[in-house]
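Asker: Right, I'll just put the structure down here and ask away after.
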Amino acid sequence: MSDATDEQCQSDKARPHTWAIILAGGHGERMREAISEWLGSYRPKQFCRFTGEHSMLENTWSRARQLVGSDNIVTVSVADQAMYFEELDMAVIPGMVLYQPEHNGTAAAVYLALAHILALDPDASVIIMPSDHFIFPEARFVALANAALAYAAADSQHLVLLGAEARWPNTDFGWIKPAAVGSGSQLTSNAVVQPVLAFFEKPDNQQARLLFSSNALWSTMIIAAKGELLWRLAKALHPKFFMCFLYLHLLNQELRFGSRQQEAVEQEISNTFKHMPELDFSKDLLQNVTQQCWVLPMTDIDWDDWGRPERILQCIERYGLDSWLNDAGRSIC
């Protein structure tokens, strides 16, 4: 992670009305056996320190601090993972942590944060960042993510997705099929945003090979957009879901102006989640608005969600990363 001086400098330079939503509520079931073997007990992978001195979540916070001010980072987890945040020094945690009462899908996590953010900053642009990603080199990613945020802030009609260059026909990931090269818009000297033709969620082997051969991209779920655009999309596509978060948004406004207490808002969040449809952000929202999605290829950036133990060990070996997993005889499961 960057030291305090560097982080403050980055925060001072942050573009106004920009926020980061950090998704930190996953359980990572495919990693459960390996993590239990490695650590002697299980903990979600975003709270694990696989390399260096910091956990995957702390590394995500470090990247977010280079994009937005520290106060403008909203992390969303679930109530049963609060213990892992309590282990951390409060000075390490940027912005605010919000807890879902239970797992209600990735869309609920995004919109819980958005209900809070838009109550404070109606003109907000946001970048959504899962907390369990390996990204290398970081500096190149930050520059590209900044370009995506700038584009999203200036275009209230489109979402900008960051797509990773596929290294093999992976069936674990979602895929993005972009339009032909040359049909997009130049963001920087080496970044071109392209229209999205289609999304493919965890394809079978044959489909994955076809996508790989056609230069489709891995979906990272790193997305930049105007908050108000995301708000409108939920209202149009899933009205019942939207009304739940409109209510929470109004509660947050009351909280901001002192007419509602924090404890009361937290209780209402718990009550509201009991009646909320469970939606996947990618499947139930993005795939229904393909025409409003652009993709920005993460050229020359290595990305992985580290969803399997062998991929963690491969990255550690490929880049010579400092890790206790380099211990001789360490098994992967």
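Residue numbering restarts at 1 in every chain; chains get A, B, ... in the order shown in the structure tokens, and ligands count up from 1 in that same order.
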Excluding Gln261 (chain A) and its own-chain neighbours fewer than 5 positions away, which residues fall within 10 Å of it when counting only C-alpha atoms? Please give them as a list in words.
Answerer: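 Close residues of Gln261 (chain A): Leu251, Asn252, Glu254, Leu255, Arg256 and Glu266 of chain A.
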Asker: Taking the chain letters and numbering used in this document, name the residues of region 96-331 of chain A that DSSP puts in alpha helix (DSSP H), as JSON, numbers by chain.
Answerer: {"A": [106, 107, 108, 109, 110, 111, 112, 113, 114, 115, 116, 117, 118, 119, 120, 138, 139, 140, 141, 142, 143, 144, 145, 146, 147, 148, 149, 150, 151, 152, 153, 154, 205, 206, 207, 208, 209, 210, 211, 212, 213, 227, 228, 229, 230, 231, 232, 233, 234, 235, 236, 237, 239, 240, 241, 242, 243, 244, 245, 246, 247, 248, 249, 250, 251, 252, 253, 254, 255, 256, 262, 263, 264, 265, 266, 267, 268, 269, 270, 271, 272, 273, 309, 310, 311, 312, 313, 314, 315, 316, 317, 318, 319]}
Asker: Could you check which of A:Ala154, A:Leu98, A:Ala225, A:Met243 is closest to Gln262 (chain A), using only C-alpha atoms?
Answerer: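 Nearest candidate to Gln262 (chain A) out of A:Ala154, A:Leu98, A:Ala225, A:Met243: A:Leu98.
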Asker: So, counting only C-alpha atoms, which residue among A:Ala119, A:Trp38, A:Phe173, A:Gly227 is closest to Asn326 (chain A)?
Answerer: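 Under the stated criterion, the closest residue is A:Trp38.
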Asker: Record the distance separating CA of Leu230 (chain A) and CA of Gln267 (chain A), expressed in Å with one decimal.
Answerer: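 Going from CA of Leu230 (chain A) over to CA of Gln267 (chain A), I get 25.0 Å.
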Asker: Would you kindly return, as an MDAnalysis selection string, each protein, DNA or RNA residue with an atom no farther than 7 Å from any atom of region 142-150 of chain A, considering only C-alpha atoms and excluding same-chain residues fewer than 4 positions away?
Answerer: chainID A and resid 63 66:67 127 138 154 160 187 224
Asker: Output the selection as a PDB file, in the first residue's frame - N, CA and C atoms for each residue.
Answerer:
ATOM      1  N   ARG A  63      -5.655   0.957  -4.170  1.00  0.00           N
ATOM      2  CA  ARG A  63      -5.948   1.377  -5.548  1.00  0.00           C
ATOM      3  C   ARG A  63      -7.051   2.431  -5.568  1.00  0.00           C
ATOM      4  N   GLN A  66      -6.081   5.970  -4.841  1.00  0.00           N
ATOM      5  CA  GLN A  66      -5.395   6.657  -5.936  1.00  0.00           C
ATOM      6  C   GLN A  66      -6.380   7.177  -6.993  1.00  0.00           C
ATOM      7  N   LEU A  67      -7.652   6.843  -6.836  1.00  0.00           N
ATOM      8  CA  LEU A  67      -8.675   7.260  -7.794  1.00  0.00           C
ATOM      9  C   LEU A  67      -9.618   8.306  -7.226  1.00  0.00           C
ATOM     10  N   ILE A 127     -16.961   4.305  -9.253  1.00  0.00           N
ATOM     11  CA  ILE A 127     -16.285   3.152  -9.834  1.00  0.00           C
ATOM     12  C   ILE A 127     -16.501   1.989  -8.886  1.00  0.00           C
ATOM     13  N   GLU A 138       0.023  -2.223 -11.006  1.00  0.00           N
ATOM     14  CA  GLU A 138      -1.017  -1.382 -10.421  1.00  0.00           C
ATOM     15  C   GLU A 138      -1.062   0.000 -11.049  1.00  0.00           C
ATOM     16  N   ALA A 154     -18.416  12.294 -17.792  1.00  0.00           N
ATOM     17  CA  ALA A 154     -18.807  13.180 -18.892  1.00  0.00           C
ATOM     18  C   ALA A 154     -19.937  12.612 -19.742  1.00  0.00           C
ATOM     19  N   VAL A 160     -19.009   2.321 -18.274  1.00  0.00           N
ATOM     20  CA  VAL A 160     -17.723   1.908 -18.814  1.00  0.00           C
ATOM     21  C   VAL A 160     -17.218   0.722 -17.996  1.00  0.00           C
ATOM     22  N   LEU A 187      -9.685   7.283 -25.568  1.00  0.00           N
ATOM     23  CA  LEU A 187      -9.673   7.977 -24.286  1.00  0.00           C
ATOM     24  C   LEU A 187      -8.310   8.590 -24.001  1.00  0.00           C
ATOM     25  N   ALA A 224     -17.297   1.888 -14.197  1.00  0.00           N
ATOM     26  CA  ALA A 224     -17.440   3.310 -13.887  1.00  0.00           C
ATOM     27  C   ALA A 224     -18.735   3.823 -14.509  1.00  0.00           C
TER      28      ALA A 224
END
